[in-house]
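Peer 1: Structure supplied as final.cif; contents: mmCIF, C-alpha atoms.
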```cif
data_upload
loop_
_atom_site.label_atom_id
_atom_site.label_comp_id
_atom_site.auth_asym_id
_atom_site.auth_seq_id
_atom_site.Cartn_x
_atom_site.Cartn_y
_atom_site.Cartn_z
CA MET O 1 -11.71 22.00 13.38
CA ARG O 2 -13.72 20.30 16.05
CA SER O 3 -12.14 17.38 17.79
CA GLN O 4 -15.21 15.17 17.82
CA PRO O 5 -15.41 12.17 15.45
CA ARG O 6 -15.68 13.16 11.80
CA SER O 7 -17.82 10.24 10.78
CA ALA O 8 -21.51 9.90 11.49
CA ILE O 9 -21.65 6.38 10.13
CA ARG O 10 -22.54 3.51 12.43
CA PRO O 11 -19.52 1.49 13.53
CA GLY O 12 -19.15 -1.65 11.48
CA ALA O 13 -21.28 -0.54 8.54
CA SER O 14 -20.13 -1.92 5.24
CA SER O 15 -20.94 -1.29 1.63
CA ARG O 16 -23.20 -3.66 -0.20
CA PRO O 17 -21.54 -5.36 -3.15
CA GLY O 18 -22.71 -4.51 -6.58
CA ALA O 19 -24.36 -1.22 -5.67
CA GLY O 20 -25.63 0.74 -8.62
CA GLY O 21 -26.56 -0.10 -12.24
CA HIS O 22 -26.34 -3.68 -13.48
CA GLY O 23 -24.48 -4.75 -10.36
CA GLU O 24 -27.53 -3.85 -8.24
CA VAL O 25 -29.79 -5.94 -10.49
CA LEU O 26 -27.46 -8.95 -10.39
CA PHE O 27 -27.12 -8.67 -6.62
CA THR O 28 -30.91 -8.63 -6.21
CA LEU O 29 -31.28 -11.65 -8.47
CA ALA O 30 -28.64 -13.53 -6.49
CA ARG O 31 -30.50 -12.81 -3.24
CA CYS O 32 -33.75 -14.12 -4.73
CA ALA O 33 -32.20 -17.28 -6.23
CA PRO O 34 -32.40 -19.52 -3.09
CA PHE O 35 -36.07 -18.71 -2.54
CA ALA O 36 -36.85 -19.14 -6.24
CA ILE O 37 -35.22 -22.60 -6.17
CA ALA O 38 -37.19 -23.61 -3.08
CA LEU O 39 -40.48 -22.45 -4.61
CA GLY O 40 -39.59 -24.18 -7.88
CA VAL O 41 -38.97 -27.44 -6.05
CA LEU O 42 -42.27 -27.04 -4.22
CA GLY O 43 -44.04 -26.55 -7.57
CA ILE O 44 -42.49 -29.77 -8.91
CA GLU O 45 -43.40 -31.75 -5.80
CA LEU O 46 -47.02 -30.59 -5.98
CA SER O 47 -47.28 -31.43 -9.69
CA PRO O 48 -47.57 -34.77 -11.51
CA ALA O 49 -43.78 -34.63 -11.96
CA HIS O 50 -43.20 -35.24 -8.24
CA ASP O 51 -41.32 -38.44 -9.02
CA LEU O 52 -38.29 -36.31 -9.95
CA VAL O 53 -35.54 -36.35 -7.30
CA THR O 54 -35.37 -32.76 -6.02
CA GLY O 55 -33.71 -33.29 -2.64
CA PRO O 56 -30.14 -32.45 -3.76
CA ILE O 57 -31.36 -29.25 -5.44
CA LEU O 58 -33.22 -28.21 -2.31
CA THR O 59 -30.10 -28.76 -0.20
CA THR O 60 -28.23 -26.06 -2.11
CA THR O 61 -30.53 -23.20 -1.01
CA PRO O 62 -28.79 -22.42 2.32
CA ALA O 63 -25.38 -22.39 0.61
CA LEU O 64 -26.60 -19.97 -2.05
CA ALA O 65 -28.21 -17.76 0.59
CA ALA O 66 -24.93 -17.59 2.53
CA LEU O 67 -23.24 -15.91 -0.44
CA THR O 68 -25.39 -12.78 -0.29
CA MET O 69 -27.53 -12.66 2.86
CA GLY O 70 -25.52 -13.51 5.95
CA PRO O 71 -26.55 -15.76 8.87
CA MET O 72 -30.20 -14.70 9.23
CA GLY O 73 -30.87 -14.98 5.50
CA THR O 74 -29.16 -18.38 5.47
CA LEU O 75 -31.31 -19.64 8.35
CA THR O 76 -34.44 -18.32 6.63
CA ALA O 77 -33.55 -20.16 3.41
CA ALA O 78 -32.81 -23.32 5.43
CA ALA O 79 -36.18 -23.11 7.19
CA LEU O 80 -37.93 -22.64 3.84
CA ALA O 81 -36.12 -25.65 2.38
CA ALA O 82 -37.07 -27.80 5.39
CA GLY O 83 -40.67 -26.62 5.07
CA VAL O 84 -40.76 -27.51 1.38
CA ASN O 85 -39.33 -30.94 2.16
CA ALA O 86 -41.97 -31.59 4.83
CA THR O 87 -44.79 -30.21 2.68
CA SER O 88 -43.90 -32.36 -0.33
CA ALA O 89 -43.61 -35.48 1.83
CA THR O 90 -47.02 -34.82 3.40
CA TYR O 91 -48.74 -33.92 0.11
CA ASN O 92 -47.37 -36.96 -1.72
CA GLN O 93 -47.97 -39.24 1.30
CA SER O 94 -44.40 -40.50 1.12
CA TRP O 95 -43.56 -40.52 4.83
CA GLY O 96 -44.04 -44.26 5.05
CA THR O 97 -42.46 -45.32 1.77
CA GLN O 98 -39.55 -42.88 1.52
CA THR O 99 -38.86 -42.00 5.15
CA GLN O 100 -35.14 -42.67 4.85
CA LEU O 101 -34.85 -40.40 1.81
CA ILE O 102 -36.85 -37.62 3.49
CA ILE O 103 -34.76 -37.81 6.67
CA GLY O 104 -31.65 -37.74 4.48
CA ASN O 105 -32.89 -34.54 2.87
CA PHE O 106 -33.48 -32.96 6.29
CA LEU O 107 -30.02 -34.06 7.44
CA GLY O 108 -28.41 -32.66 4.28
CA ILE O 109 -30.20 -29.32 4.67
CA THR O 110 -29.11 -29.13 8.32
CA VAL O 111 -25.45 -29.90 7.62
CA VAL O 112 -25.25 -27.47 4.70
CA SER O 113 -27.03 -24.78 6.72
CA VAL O 114 -24.66 -25.03 9.68
CA ALA O 115 -21.62 -24.96 7.40
CA SER O 116 -23.05 -22.02 5.44
CA VAL O 117 -23.73 -19.96 8.57
CA ILE O 118 -20.17 -20.53 9.83
CA LEU O 119 -18.71 -19.65 6.43
CA SER O 120 -20.94 -16.58 6.08
CA ASN O 121 -19.80 -15.25 9.46
CA ALA O 122 -16.14 -15.79 8.62
CA VAL O 123 -16.41 -14.12 5.21
CA ARG O 124 -18.39 -11.19 6.58
CA THR O 125 -15.90 -10.62 9.42
CA ARG O 126 -12.94 -10.66 7.05
CA ARG O 127 -14.67 -8.36 4.56
CA GLN O 128 -15.61 -5.93 7.30
CA SER O 129 -12.05 -5.87 8.60
CA GLU O 130 -10.71 -5.05 5.13
CA LEU O 131 -13.32 -2.33 4.59
CA ASP O 132 -12.57 -0.77 7.97
CA GLN O 133 -8.88 -0.67 7.18
CA VAL O 134 -9.41 0.95 3.79
CA ARG O 135 -11.84 3.42 5.32
CA ARG O 136 -9.32 4.43 7.98
CA ILE O 137 -6.80 5.14 5.24
CA ALA O 138 -9.34 7.19 3.29
CA VAL O 139 -10.39 9.19 6.36
CA ALA O 140 -6.74 9.87 7.21
CA ALA O 141 -6.14 11.12 3.65
CA GLN O 142 -9.20 13.36 3.89
CA GLU O 143 -8.06 14.82 7.21
CA VAL O 144 -4.65 15.66 5.74
CA VAL O 145 -6.23 17.52 2.81
CA LEU O 146 -8.91 19.31 4.85
CA ARG O 147 -6.81 21.16 7.40
CA PRO O 148 -8.44 22.97 10.35
CA VAL O 149 -9.85 26.45 9.75
CA PRO O 150 -8.24 29.07 12.04
CA GLU O 151 -10.52 30.39 14.76
CA LEU O 152 -9.64 34.03 14.05
CA LEU O 153 -9.13 35.46 10.56
CA GLY O 154 -8.88 39.23 10.43
CA ARG O 155 -12.28 40.63 11.32
CA VAL O 156 -14.07 37.28 11.41
CA ARG O 157 -14.21 34.31 13.74
CA ALA O 158 -14.53 30.94 12.01
CA ALA O 159 -15.13 27.25 12.60
CA SER O 160 -15.52 24.21 10.34
CA LEU O 161 -17.09 20.78 10.44
CA CYS O 162 -16.82 17.73 8.18
CA LEU O 163 -18.85 14.54 8.56
CA ALA O 164 -18.21 11.52 6.35
CA ALA O 165 -21.40 9.56 5.69
CA GLY O 166 -20.05 7.09 3.12
CA THR O 167 -19.86 3.37 3.76
CA GLY O 168 -16.84 1.17 3.30
CA ALA O 169 -14.10 3.24 1.69
CA GLN O 170 -16.55 5.60 0.01
CA ILE O 171 -15.36 8.87 1.50
CA GLY O 172 -16.94 11.76 -0.36
CA GLY O 173 -15.51 14.81 -2.07
CA ASP O 174 -16.73 17.65 0.16
CA LEU O 175 -14.16 20.40 0.74
CA TYR O 176 -13.72 23.72 2.50
CA GLU O 177 -11.01 26.27 3.25
CA ALA O 178 -10.64 29.77 4.70
CA VAL O 179 -7.57 31.95 4.09
CA GLN O 180 -6.74 35.50 5.18
CA THR O 181 -5.36 37.55 2.27
CA ARG O 182 -4.66 41.19 1.41
CA TYR O 183 -8.12 41.26 -0.23
CA GLY O 184 -9.86 40.07 2.92
CA VAL O 185 -10.83 36.63 4.17
CA ARG O 186 -11.52 34.25 1.30
CA LEU O 187 -13.43 31.01 1.70
CA ILE O 188 -14.43 28.08 -0.47
CA VAL O 189 -16.94 25.28 0.01
CA GLY O 190 -17.43 22.66 -2.66
CA ASP O 191 -18.45 19.15 -3.55
CA VAL O 192 -16.46 16.98 -5.97
CA ARG O 193 -18.53 14.47 -7.86
CA GLY O 194 -17.87 10.87 -6.90
CA LYS O 195 -16.49 9.12 -3.86
CA GLY O 196 -13.41 7.31 -2.67
CA LEU O 197 -9.75 8.13 -3.04
CA SER O 198 -10.22 9.52 -6.56
CA ALA O 199 -12.59 12.16 -5.13
CA ILE O 200 -10.07 13.04 -2.40
CA ARG O 201 -7.40 13.45 -5.10
CA ALA O 202 -9.64 15.92 -6.94
CA VAL O 203 -10.31 17.74 -3.65
CA ALA O 204 -6.56 18.12 -3.11
CA VAL O 205 -6.14 19.55 -6.62
CA ALA O 206 -8.97 22.07 -6.20
CA LEU O 207 -7.81 23.19 -2.76
CA GLY O 208 -4.23 23.54 -3.95
CA ALA O 209 -5.36 25.83 -6.76
CA PHE O 210 -7.54 27.85 -4.37
CA ARG O 211 -4.82 28.27 -1.74
CA GLU O 212 -2.43 29.60 -4.34
CA ALA O 213 -4.81 31.81 -6.34
CA VAL O 214 -6.39 33.62 -3.37
CA HIS O 215 -3.15 35.48 -2.62
CA TYR O 216 -2.47 37.01 -6.04
CA GLU O 217 -5.81 37.11 -7.92
CA GLY O 218 -7.67 40.34 -7.20
CA GLU O 219 -10.93 39.18 -8.81
CA LEU O 220 -12.94 36.50 -7.05
CA GLN O 221 -14.13 34.90 -10.28
CA GLU O 222 -10.51 34.40 -11.34
CA VAL O 223 -9.92 32.38 -8.18
CA MET O 224 -12.79 30.14 -9.21
CA GLU O 225 -11.38 29.79 -12.72
CA HIS O 226 -8.04 28.64 -11.29
CA CYS O 227 -9.84 25.81 -9.49
CA SER O 228 -11.70 24.82 -12.64
CA ALA O 229 -8.55 24.87 -14.78
CA ALA O 230 -6.62 22.78 -12.23
CA LEU O 231 -9.31 20.11 -12.28
CA ARG O 232 -9.38 20.04 -16.09
CA ARG O 233 -5.61 19.56 -16.14
CA GLU O 234 -5.85 16.80 -13.55
CA ALA O 235 -8.51 14.94 -15.55
CA ALA O 236 -6.34 15.17 -18.68
CA VAL O 237 -3.31 13.46 -17.10
CA PRO O 238 -3.02 9.91 -18.52
CA GLY O 239 -3.62 7.21 -15.95
CA THR O 240 -5.02 9.56 -13.30
CA TYR O 241 -8.50 8.06 -13.52
CA SER O 242 -9.80 4.72 -14.68
CA GLN O 243 -11.64 4.47 -17.97
CA ALA O 244 -14.90 3.99 -16.07
CA ASP O 245 -14.40 7.22 -14.08
CA LEU O 246 -12.98 9.35 -16.90
CA PRO O 247 -16.25 10.34 -18.66
CA GLU O 248 -17.73 11.45 -15.32
CA VAL O 249 -14.62 13.45 -14.42
CA LEU O 250 -14.43 15.16 -17.81
CA MET O 251 -18.13 16.01 -17.90
CA GLU O 252 -18.74 17.15 -14.35
CA GLY O 253 -15.49 16.98 -12.40
CA PHE O 254 -15.75 19.45 -9.55
CA THR O 255 -19.52 19.48 -9.41
CA THR O 256 -20.34 22.57 -7.34
CA ALA O 257 -18.36 25.35 -5.68
CA LEU O 258 -18.91 28.56 -3.77
CA VAL O 259 -16.16 31.14 -3.23
CA ALA O 260 -16.73 33.96 -0.73
CA GLN O 261 -14.77 37.05 0.23
CA VAL O 262 -15.20 39.06 3.43
CA PRO O 263 -13.38 42.39 2.93
CA GLU O 264 -12.98 45.22 5.43
CA ASP O 265 -16.27 46.71 4.23
CA GLU O 266 -19.45 45.39 5.80
CA VAL O 267 -20.31 43.14 2.85
CA VAL O 268 -19.65 39.60 1.67
CA GLN O 269 -18.93 38.88 -1.99
CA LEU O 270 -19.88 35.57 -3.56
CA VAL O 271 -19.27 33.62 -6.74
CA ASN O 272 -21.60 30.62 -6.78
CA ARG O 273 -21.10 27.84 -9.32
CA GLY O 274 -24.14 25.64 -8.81
CA HIS O 275 -23.71 25.31 -5.04
CA PRO O 276 -26.40 25.62 -2.34
CA PRO O 277 -26.71 29.30 -1.37
CA PRO O 278 -25.12 30.33 1.94
CA LEU O 279 -27.28 31.52 4.81
CA VAL O 280 -26.89 34.70 6.87
CA LEU O 281 -28.20 34.66 10.43
CA ARG O 282 -29.00 38.19 11.62
CA GLN O 283 -30.77 38.96 14.89
CA GLY O 284 -32.48 35.57 15.00
CA SER O 285 -33.68 35.47 11.37
CA VAL O 286 -32.15 33.58 8.45
CA ARG O 287 -31.75 34.77 4.88
CA ALA O 288 -30.48 32.76 1.90
CA LEU O 289 -27.99 34.56 -0.36
CA THR O 290 -29.38 33.24 -3.64
CA PRO O 291 -27.48 34.35 -6.77
CA SER O 292 -29.39 36.58 -9.17
CA CYS O 293 -27.76 34.87 -12.16
CA PRO O 294 -27.26 31.12 -11.64
CA LEU O 295 -23.95 29.82 -12.97
CA PRO O 296 -23.08 26.25 -14.01
CA PRO O 297 -21.02 23.88 -11.90
CA LEU O 298 -17.34 23.63 -12.70
CA GLY O 299 -16.79 21.32 -15.63
CA LEU O 300 -19.97 22.38 -17.42
CA GLU O 301 -18.76 25.77 -18.67
CA ASP O 302 -19.09 24.73 -22.32
CA LEU O 303 -22.85 24.31 -21.87
CA TYR O 304 -23.33 27.79 -20.39
CA THR O 305 -24.42 30.64 -22.68
CA GLY O 306 -25.30 33.31 -20.10
CA PRO O 307 -23.34 36.37 -18.95
CA PRO O 308 -19.83 35.95 -17.51
CA ALA O 309 -19.38 35.31 -13.81
CA ARG O 310 -19.30 38.37 -11.58
CA PRO O 311 -19.13 38.55 -7.78
CA GLU O 312 -22.39 39.47 -6.07
CA SER O 313 -22.30 41.54 -2.87
CA TYR O 314 -24.59 41.22 0.14
CA PRO O 315 -24.66 43.07 3.47
CA PHE O 316 -22.61 41.33 6.17
CA LEU O 317 -22.76 43.47 9.29
CA PRO O 318 -21.04 43.18 12.68
CA GLY O 319 -22.82 40.48 14.66
CA ASP O 320 -23.97 38.63 11.52
CA ARG O 321 -23.22 34.94 11.11
CA LEU O 322 -22.59 33.35 7.69
CA LEU O 323 -23.00 29.62 7.07
CA LEU O 324 -21.46 27.92 4.03
CA TYR O 325 -22.38 24.26 3.61
CA THR O 326 -22.66 21.36 1.17
CA ASP O 327 -25.86 19.72 0.01
CA GLY O 328 -25.55 16.93 2.56
CA VAL O 329 -26.89 19.39 5.15
CA MET O 330 -30.01 20.57 3.34
CA GLU O 331 -30.77 17.09 1.97
CA ALA O 332 -30.55 15.26 5.30
CA ARG O 333 -33.76 13.23 5.67
CA ASN O 334 -35.54 11.53 8.53
CA ARG O 335 -37.29 8.16 8.48
CA ASP O 336 -40.36 9.83 6.93
CA ASN O 337 -38.17 11.07 4.04
CA GLU O 338 -38.53 14.69 5.16
CA PHE O 339 -35.69 17.16 4.60
CA LEU O 340 -34.07 18.96 7.49
CA PRO O 341 -35.72 22.41 7.82
CA LEU O 342 -32.35 24.18 7.83
CA PRO O 343 -33.43 27.85 8.31
CA GLU O 344 -35.77 26.93 11.17
CA THR O 345 -33.06 24.75 12.71
CA LEU O 346 -30.58 27.65 12.67
CA GLU O 347 -33.09 30.01 14.24
CA ARG O 348 -33.62 27.57 17.12
CA ILE O 349 -29.93 27.42 18.03
CA ARG O 350 -29.38 29.48 21.15
CA ALA O 351 -28.01 32.99 20.71
CA GLY O 352 -24.54 33.98 21.86
CA THR O 353 -22.82 30.74 20.87
CA SER O 354 -19.32 30.75 19.43
CA PRO O 355 -18.88 29.51 15.83
CA GLN O 356 -17.67 26.13 17.06
CA GLU O 357 -20.53 25.78 19.54
CA PHE O 358 -22.95 26.77 16.77
CA LEU O 359 -21.64 23.98 14.52
CA ASN O 360 -21.73 21.49 17.38
CA GLU O 361 -25.42 22.23 17.99
CA LEU O 362 -26.17 22.06 14.27
CA HIS O 363 -24.36 18.72 14.17
CA GLN O 364 -26.55 17.39 16.98
CA ALA O 365 -29.65 18.62 15.16
CA LEU O 366 -28.53 16.70 12.06
CA ILE O 367 -27.97 13.53 14.05
CA ARG O 368 -31.37 13.82 15.74
CA HIS O 369 -33.15 14.43 12.45
CA THR O 370 -31.48 11.54 10.61
CA GLU O 371 -31.15 9.28 13.67
CA GLY O 372 -27.43 9.05 12.94
CA HIS O 373 -27.83 7.90 9.34
CA LEU O 374 -26.51 10.63 7.09
CA ALA O 375 -27.11 9.83 3.42
CA ASP O 376 -24.44 12.21 2.13
CA ASP O 377 -21.26 13.83 3.36
CA VAL O 378 -21.47 17.13 5.22
CA ALA O 379 -19.03 20.05 5.18
CA MET O 380 -19.69 23.43 6.78
CA ILE O 381 -17.91 26.67 7.58
CA VAL O 382 -19.43 29.35 9.79
CA VAL O 383 -17.95 32.84 10.10
CA ASP O 384 -18.95 35.72 12.38
CA ARG O 385 -18.34 39.36 11.50
CA LEU O 386 -16.62 41.01 14.45
CA PRO O 387 -17.17 44.66 15.41
#
```
Write out the structure in this file as structure tokens.
Peer 2:
Amino acid sequence: MRSQPRSAIRPGASSRPGAGGHGEVLFTLARCAPFAIALGVLGIELSPAHDLVTGPILTTTPALAALTMGPMGTLTAAALAAGVNATSATYNQSWGTQTQLIIGNFLGITVVSVASVILSNAVRTRRQSELDQVRRIAVAAQEVVLRPVPELLGRVRAASLCLAAGTGAQIGGDLYEAVQTRYGVRLIVGDVRGKGLSAIRAVAVALGAFREAVHYEGELQEVMEHCSAALRREAAVPGTYSQADLPEVLMEGFTTALVAQVPEDEVVQLVNRGHPPPLVLRQGSVRALTPSCPLPPLGLEDLYTGPPARPESYPFLPGDRLLLYTDGVMEARNRDNEFLPLPETLERIRAGTSPQEFLNELHQALIRHTEGHLADDVAMIVVDRLP
């Protein structure tokens, strides 16, 4: 495995609280609350009900903003509150009669704003420190499970790359492995549904089943079935997953997987369970090895009514290069929301590179395209057929 950093995330990035579902809605409402209060106070002050005392309510807006928006959001809310206070005093012509009260409101807003900014910085620093620590633990666990791919395996040269794009502790479930067996070199690339340590646990289960099955199962589809069965057993163990995660694990579990075999013959055999098709680079042109009969992801076998899984063979000649990857590669987007043109990108990589150099250049192309902001994890294996 390459020795460069595995994570393409910006240093110091943190996850936003309440992401997804009802939590996202509540978080958005909480961010809007300070501005809604300020506008509500302004509406009262510009109405016949301006005799109501609204100063204490207005003073709370910076404190509320500090809970969800950080220093800049807090200062913005404070400026809005001060503007509302000045506007109401001017509109109601109360500068002369209630100057002391108005100045008191300004002073209260200032004091609360300064305290809120200091508190917001302290809370954000502590939260970031905790998230960084948890993320380091998660990355270390992922590195233990995803061991380096050997550079030479029989008649192929290989290299691997893994980039974690999650924020906070949200390490993803991408996996890969390459093993030399009596049947040839066998490889797997997959993507476990979900993120965090529970996804890494599922990755460890799937890879453990693969590493064992590849040595005694002659049929490639049986290797895949071992991985599927291991994940079903893992999901059935009481207490392994929380009640919130259990329906997702039971329904989809190990979302997609691709198992490949490179025998002594000049072919590559594939069993693809809902995974992005691998690409073969031959004499400067790229071809996708799309399955003729699409199969369901692991965990969705009960919904499949088609023919049983069978390995499909494709030419893999000396000098050919095979790329196995997860969907984080093909779905990498730029600021204009455009996908990475993967085949064209591969064709532009200079000829004669080693597998590791090839992945390094592809990595740089990903970073340039996304400006360093990967939206999903990336895992890749590249193998070259030797003469």
Peer 1: Exactly which residues make up the result of the PyMOL selection byres ((chain O and resi 387) around 10) on this file, given as a list in words?
Peer 2: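 Answer for the PyMOL selection byres ((chain O and resi 387) around 10): Arg155, Val156, Glu266, Leu317, Pro318, Gly319, Asp320, Asp384, Arg385 and Leu386 of chain O.
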Peer 1: Taking (-31.5, 11.5, 6.8) as a centre in this file's frame and 8 Å as the limit, can you find every polymer residue with an atom that close, using only C-alpha atoms, and give them as a PDB file with C-alpha atoms, in the frame of the given file?
Peer 2:
```pdb
ATOM      1  CA  GLU O 331     -30.770  17.090   1.970  1.00  0.00           C
ATOM      2  CA  ALA O 332     -30.550  15.260   5.300  1.00  0.00           C
ATOM      3  CA  ARG O 333     -33.760  13.230   5.670  1.00  0.00           C
ATOM      4  CA  ASN O 334     -35.540  11.530   8.530  1.00  0.00           C
ATOM      5  CA  ARG O 335     -37.290   8.160   8.480  1.00  0.00           C
ATOM      6  CA  ASN O 337     -38.170  11.070   4.040  1.00  0.00           C
ATOM      7  CA  GLU O 338     -38.530  14.690   5.160  1.00  0.00           C
ATOM      8  CA  PHE O 339     -35.690  17.160   4.600  1.00  0.00           C
ATOM      9  CA  LEU O 340     -34.070  18.960   7.490  1.00  0.00           C
ATOM     10  CA  LEU O 366     -28.530  16.700  12.060  1.00  0.00           C
ATOM     11  CA  HIS O 369     -33.150  14.430  12.450  1.00  0.00           C
ATOM     12  CA  THR O 370     -31.480  11.540  10.610  1.00  0.00           C
ATOM     13  CA  GLU O 371     -31.150   9.280  13.670  1.00  0.00           C
ATOM     14  CA  GLY O 372     -27.430   9.050  12.940  1.00  0.00           C
ATOM     15  CA  HIS O 373     -27.830   7.900   9.340  1.00  0.00           C
ATOM     16  CA  LEU O 374     -26.510  10.630   7.090  1.00  0.00           C
ATOM     17  CA  ALA O 375     -27.110   9.830   3.420  1.00  0.00           C
TER      18      ALA O 375
END
```
Peer 1: For a quick check of understanding, using all atoms listed in the file, which of O:Asp377, O:Glu312, O:Glu217, O:Asp191 has the smallest distance to Ser292 (chain O)?
Peer 2: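 Nearest candidate to Ser292 (chain O) out of O:Asp377, O:Glu312, O:Glu217, O:Asp191: O:Glu312.
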Peer 1: Using all atoms listed in the file - which residues lie no farther than 12 Å from the point (-12.2, 38.2, -10.3) in the file's frame? Write them as a VMD selection string.
Peer 2: chain O and resid 183 213 to 214 216 to 226 259 to 261 269 to 271 308 to 312
Peer 1: Determine the nearest neighbour of Thr181 (chain O) from the options O:Val262, O:Ala257, O:Val117, O:Val134, counting only C-alpha atoms.
Peer 2: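 Under the stated criterion, the closest residue is O:Val262.
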Peer 1: Which residues match the PyMOL selection byres ((chain O and resi 211) around 12) in the file above, as a PyMOL selection string?
Peer 2: chain O and resi 145-147+176-181+185-188+204-210+212-217+223-224+226-227+230+259
Peer 1: Please produce a file of the residues just selected, as a short mmCIF file (atom, residue, chain, number, x, y, z; two decimals), in the coordinates of the input, where the atoms kept are C-alpha atoms.
Peer 2:
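Below is the file out-v4.cif, written as the result:
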```cif
data_model
loop_
_atom_site.label_atom_id
_atom_site.label_comp_id
_atom_site.auth_asym_id
_atom_site.auth_seq_id
_atom_site.Cartn_x
_atom_site.Cartn_y
_atom_site.Cartn_z
CA VAL O 145 -6.23 17.52 2.81
CA LEU O 146 -8.91 19.31 4.85
CA ARG O 147 -6.81 21.16 7.40
CA TYR O 176 -13.72 23.72 2.50
CA GLU O 177 -11.01 26.27 3.25
CA ALA O 178 -10.64 29.77 4.70
CA VAL O 179 -7.57 31.95 4.09
CA GLN O 180 -6.74 35.50 5.18
CA THR O 181 -5.36 37.55 2.27
CA VAL O 185 -10.83 36.63 4.17
CA ARG O 186 -11.52 34.25 1.30
CA LEU O 187 -13.43 31.01 1.70
CA ILE O 188 -14.43 28.08 -0.47
CA ALA O 204 -6.56 18.12 -3.11
CA VAL O 205 -6.14 19.55 -6.62
CA ALA O 206 -8.97 22.07 -6.20
CA LEU O 207 -7.81 23.19 -2.76
CA GLY O 208 -4.23 23.54 -3.95
CA ALA O 209 -5.36 25.83 -6.76
CA PHE O 210 -7.54 27.85 -4.37
CA GLU O 212 -2.43 29.60 -4.34
CA ALA O 213 -4.81 31.81 -6.34
CA VAL O 214 -6.39 33.62 -3.37
CA HIS O 215 -3.15 35.48 -2.62
CA TYR O 216 -2.47 37.01 -6.04
CA GLU O 217 -5.81 37.11 -7.92
CA VAL O 223 -9.92 32.38 -8.18
CA MET O 224 -12.79 30.14 -9.21
CA HIS O 226 -8.04 28.64 -11.29
CA CYS O 227 -9.84 25.81 -9.49
CA ALA O 230 -6.62 22.78 -12.23
CA VAL O 259 -16.16 31.14 -3.23
#
```
Peer 1: To one decimal in Å, tell me the separation between CA of Thr326 (chain O) and CA of Gly352 (chain O).
Peer 2: 24.3 Å
Peer 1: Figure out the distance between CA of Thr68 (chain O) and CA of Arg124 (chain O), please, to one decimal in Å.
Peer 2: 9.9 Å
Peer 1: Work out how far CA of Tyr325 (chain O) is from CA of Pro278 (chain O), in Å to one decimal.
Peer 2: 6.9 Å
